[in-house]
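Structure first, then comments.
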Amino acid sequence: MAHLADYNTKNQHQATVKKTERLTPADTEEVREIVLEVKQPGFDCHVDQSFGVLVKTSGEFGKTVHHRLYSVADLPAKENGNPLITMLVKRCSYVDEFNGELYKGIASNYLCDRKVGDEITITGPFDLPFAVPEDKNSNLILIGMGTGIAPFRAFVKHIYNNVKDWKGKIRLFYGARSGLELLYLNDKNGDLTNYYDEETFKAFHALSPRPQWSDPIALDAAIEARAAEIIELLSHANTHVYVAGYEKIREMLDKAFSNILGSKEKWETRKAELVAGKKWAEVIY
Ligand SMILES: Cc1cc2nc3c(=O)[nH]c(=O)nc-3n(C[C@H](O)[C@H](O)[C@H](O)COP(=O)(O)OP(=O)(O)OC[C@H]3O[C@@H](n4cnc5c(N)ncnc54)[C@H](O)[C@@H]3O)c2cc1C
């Protein structure tokens with residue numbers, strides 16, 4: 001994937017916060033669903049895209065601009081003729097390795113602190129590698145960790161609402177640090193649960209074994225528990241694997257798929273085939 005510095009920030013648009021809702025309870029990591037109205041009717045942002053957010057900061061060398069990307073998390077909509085885009089944002093903070101101080105992520109805290117009516121500057125849109133395959137018989141294994149569920153939420157809705165007659169199997173694996181973060185999926189609004197009746201769709205939740213602890217999310221266990229079906233799906237040439245989420249997901253998946261296929265070498269070979277056939281796509285941050 002391209003380096004952040006390679007993204008063009010010249011294409012700037014003003015957007016107003018129409019809605020900001022915390023999806024996670026107060027005692028867990030904060031994830032908000034934020035809906036923006038873009039004050040430019042021609043701004044065309046699709047489900048397989050992201051957009052940037054620009055934040056002015058006062059750095060060591062004077063004023064500077066901080067640019068971060070966010071995935072489109074819902075089907076595009078319109079209000080007053082203007083596009084509405086939805087994002088899921090996790091409020092990030094990091095502990096500085098050297099001085100132990102807590103460092104607040106700039107863009108995520110800026111976004112989570114915005115109120116309805118506030119104006120922000122966005123950039124883009126930028127393509128994500130998660131295109132809908134032309135062949136409706138294609139199988140899709142979608143794996144999202146944390147806010148990595150955002151693009152797949154939009155993607156699955158798009159397939160069943162707009163593409164229609166999907167014949168391939170869609171298997172969505174998603175994990176979050178605490179069980180309560182599963183509200184990412186907006187289950188309370190019906191959202192992805194609308195598609196549970198679709199013959200082709202199945203979603204599997206993975207939880208942290210001890211939600212209050214910083215244990216790893218058992219996404220690997222959820223995947224390994226469905227080993228037989230995954231082996232079967234991976235044996236077809238028309239199976240695509242799409243992955244999104246934090247850096248940790250890479251190692252976790254390599255381990256899980258190696259276990260499923262019987263060895264690291266077998267997985268490396270199969271993954272190389274998927275990559276070469278443009279059937280593996282990832283957004284890892
Ligand atoms: C294509 C793409 C799509 C994305 N989609 C989403 C999405 O849908 N939702 C979402 O929430 N996020 C998403 N992200 C991640 C998002 O872009 C940001 O990276 C995230 O919100 C953190 O940005 P920030 O400005 O808050 O943190 P930053 O201010 O950029 O800080 C984060 C980084 O700075 C480091 N750091 C800097 N200084 C220090 C210090 N003193 N001590 C310790 N660490 C330090 C941290 O280790 C960390 O790596 C996506 C990323 C990409 C590339």
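In the structure tokens, the first chain shown is A, the next is B, and so on; residue numbers restart at 1 for each chain, and ligands run from 1 in the order shown.
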
Expected answer as number ranges by chain: strand (DSSP E or B) residues in segment 47-179 of chain A: A: 49-59, 62-71, 77-79, 82-90, 93-95, 102-104, 119-127, 139-145, 170-176

C-alpha atoms of the current selection, written as a JSON list (two decimals), in the first residue's frame:
[["chain", "number", "residue", "atom", "x", "y", "z"],
["A", 49, "GLN", "CA", -12.71, 3.91, -0.73],
["A", 50, "SER", "CA", -11.24, 5.91, 2.11],
["A", 51, "PHE", "CA", -10.87, 9.62, 2.63],
["A", 52, "GLY", "CA", -8.40, 11.75, 4.54],
["A", 53, "VAL", "CA", -8.84, 14.11, 7.47],
["A", 54, "LEU", "CA", -6.57, 17.13, 7.85],
["A", 55, "VAL", "CA", -5.80, 18.53, 11.28],
["A", 56, "LYS", "CA", -3.77, 21.70, 11.85],
["A", 57, "THR", "CA", -1.20, 21.23, 14.59],
["A", 58, "SER", "CA", 1.52, 23.42, 16.07],
["A", 59, "GLY", "CA", 4.66, 21.35, 15.68],
["A", 62, "GLY", "CA", 5.71, 26.01, 13.43],
["A", 63, "LYS", "CA", 2.27, 25.17, 12.07],
["A", 64, "THR", "CA", 1.93, 21.88, 10.31],
["A", 65, "VAL", "CA", -0.88, 19.69, 8.98],
["A", 66, "HIS", "CA", -1.57, 16.15, 10.12],
["A", 67, "HIS", "CA", -3.19, 13.83, 7.55],
["A", 68, "ARG", "CA", -4.82, 10.48, 8.37],
["A", 69, "LEU", "CA", -7.05, 8.13, 6.38],
["A", 70, "TYR", "CA", -10.43, 6.63, 7.33],
["A", 71, "SER", "CA", -12.44, 3.95, 5.54],
["A", 77, "ALA", "CA", -26.19, 8.66, 0.99],
["A", 78, "LYS", "CA", -27.31, 12.22, 0.20],
["A", 79, "GLU", "CA", -28.86, 15.08, 2.17],
["A", 82, "ASN", "CA", -24.81, 16.84, -0.55],
["A", 83, "PRO", "CA", -23.04, 13.50, -0.01],
["A", 84, "LEU", "CA", -23.13, 11.93, 3.46],
["A", 85, "ILE", "CA", -20.22, 9.72, 4.44],
["A", 86, "THR", "CA", -19.93, 7.52, 7.51],
["A", 87, "MET", "CA", -16.76, 6.61, 9.37],
["A", 88, "LEU", "CA", -15.91, 4.52, 12.45],
["A", 89, "VAL", "CA", -13.14, 6.12, 14.49],
["A", 90, "LYS", "CA", -11.30, 4.66, 17.42],
["A", 93, "SER", "CA", -3.50, 6.76, 22.46],
["A", 94, "TYR", "CA", 0.00, 5.37, 22.71],
["A", 95, "VAL", "CA", 2.53, 5.07, 25.52],
["A", 102, "LEU", "CA", 0.61, 8.81, 27.23],
["A", 103, "TYR", "CA", 0.52, 10.32, 23.75],
["A", 104, "LYS", "CA", -2.88, 11.08, 22.26],
["A", 119, "GLU", "CA", -16.64, 21.83, 10.20],
["A", 120, "ILE", "CA", -13.66, 19.70, 9.25],
["A", 121, "THR", "CA", -11.43, 19.46, 6.19],
["A", 122, "ILE", "CA", -11.27, 16.18, 4.32],
["A", 123, "THR", "CA", -9.27, 14.95, 1.34],
["A", 124, "GLY", "CA", -9.71, 12.25, -1.26],
["A", 125, "PRO", "CA", -11.45, 10.04, -1.97],
["A", 126, "PHE", "CA", -8.76, 7.35, -2.20],
["A", 127, "ASP", "CA", -9.22, 3.78, -3.40],
["A", 139, "ASN", "CA", -16.16, -16.58, -2.53],
["A", 140, "LEU", "CA", -15.03, -13.89, -0.14],
["A", 141, "ILE", "CA", -13.24, -14.39, 3.15],
["A", 142, "LEU", "CA", -13.32, -10.99, 4.88],
["A", 143, "ILE", "CA", -11.25, -10.52, 8.03],
["A", 144, "GLY", "CA", -11.46, -7.31, 10.03],
["A", 145, "MET", "CA", -9.94, -6.46, 13.37],
["A", 170, "ILE", "CA", -19.14, -14.61, 2.05],
["A", 171, "ARG", "CA", -17.51, -15.37, 5.38],
["A", 172, "LEU", "CA", -16.85, -12.38, 7.62],
["A", 173, "PHE", "CA", -14.54, -12.78, 10.62],
["A", 174, "TYR", "CA", -14.33, -9.82, 12.93],
["A", 175, "GLY", "CA", -12.66, -9.28, 16.24],
["A", 176, "ALA", "CA", -12.54, -6.59, 18.85]]

Have a look at A:Asp113, A:Asp165, A:Glu232, A:Glu273 and name the one nearest to Glu199 of chain A; count only C-alpha atoms. A:Asp165

Step one, run DSSP on the backbone; step two, keep only residues of segment 48-187 of chain A assigned to alpha helix (DSSP H); then write them as a list in words.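 So, restricting segment 48-187 of chain A to alpha helix (DSSP H), we get Ile106, Ala107, Ser108, Asn109, Tyr110, Leu111, Cys112, Asp113, Ile149, Ala150, Pro151, Phe152, Arg153, Ala154, Phe155, Val156, Lys157 and His158 of chain A.
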
Please, could you write that set of residues out with C-alpha atoms as a PDB file, in the first residue's frame?
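part30.pdb written:
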ATOM      1  CA  ILE A 106      -3.874  13.577  16.831  1.00  0.00           C
ATOM      2  CA  ALA A 107      -6.508  12.904  14.171  1.00  0.00           C
ATOM      3  CA  SER A 108      -8.521  10.288  16.068  1.00  0.00           C
ATOM      4  CA  ASN A 109      -8.816  12.503  19.170  1.00  0.00           C
ATOM      5  CA  TYR A 110      -9.635  15.521  17.015  1.00  0.00           C
ATOM      6  CA  LEU A 111     -12.417  13.568  15.292  1.00  0.00           C
ATOM      7  CA  CYS A 112     -13.801  12.029  18.467  1.00  0.00           C
ATOM      8  CA  ASP A 113     -13.934  15.516  20.078  1.00  0.00           C
ATOM      9  CA  ILE A 149     -14.536  -3.926  10.272  1.00  0.00           C
ATOM     10  CA  ALA A 150     -15.474  -0.510   8.808  1.00  0.00           C
ATOM     11  CA  PRO A 151     -14.774  -1.187   5.113  1.00  0.00           C
ATOM     12  CA  PHE A 152     -16.398  -4.636   5.297  1.00  0.00           C
ATOM     13  CA  ARG A 153     -19.543  -3.295   6.906  1.00  0.00           C
ATOM     14  CA  ALA A 154     -19.995  -1.075   3.851  1.00  0.00           C
ATOM     15  CA  PHE A 155     -18.818  -3.805   1.472  1.00  0.00           C
ATOM     16  CA  VAL A 156     -21.282  -6.494   2.631  1.00  0.00           C
ATOM     17  CA  LYS A 157     -24.183  -4.021   2.577  1.00  0.00           C
ATOM     18  CA  HIS A 158     -23.192  -2.986  -0.931  1.00  0.00           C
TER      19      HIS A 158
END

Using only C-alpha atoms, which of A:Lys164, A:Lys278, A:Lys248, A:Asn137 sits nearest Leu233 of chain A? A:Asn137

Residue among A:Trp267, A:Tyr246, A:Trp166, A:Phe201 lying closest to ligand 1, counting only C-alpha atoms and all ligand atoms: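 Closest residue, counting only C-alpha atoms and all ligand atoms: A:Tyr246.
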
Length of the atom CA of Asp48 of chain A to atom CA of Val132 of chain A vector [Å]: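 Computing the Euclidean distance for atom CA of Asp48 of chain A and atom CA of Val132 of chain A yields 8.3 Å.
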
Got a sec: who's within 12 Å of Lys271 of chain A, counting only C-alpha atoms, leaving out chain neighbours fewer than 2 positions off, as an MDAnalysis selection string? chainID A and resid 234:235 239:242 253:254 257:258 261 264:269 273:281
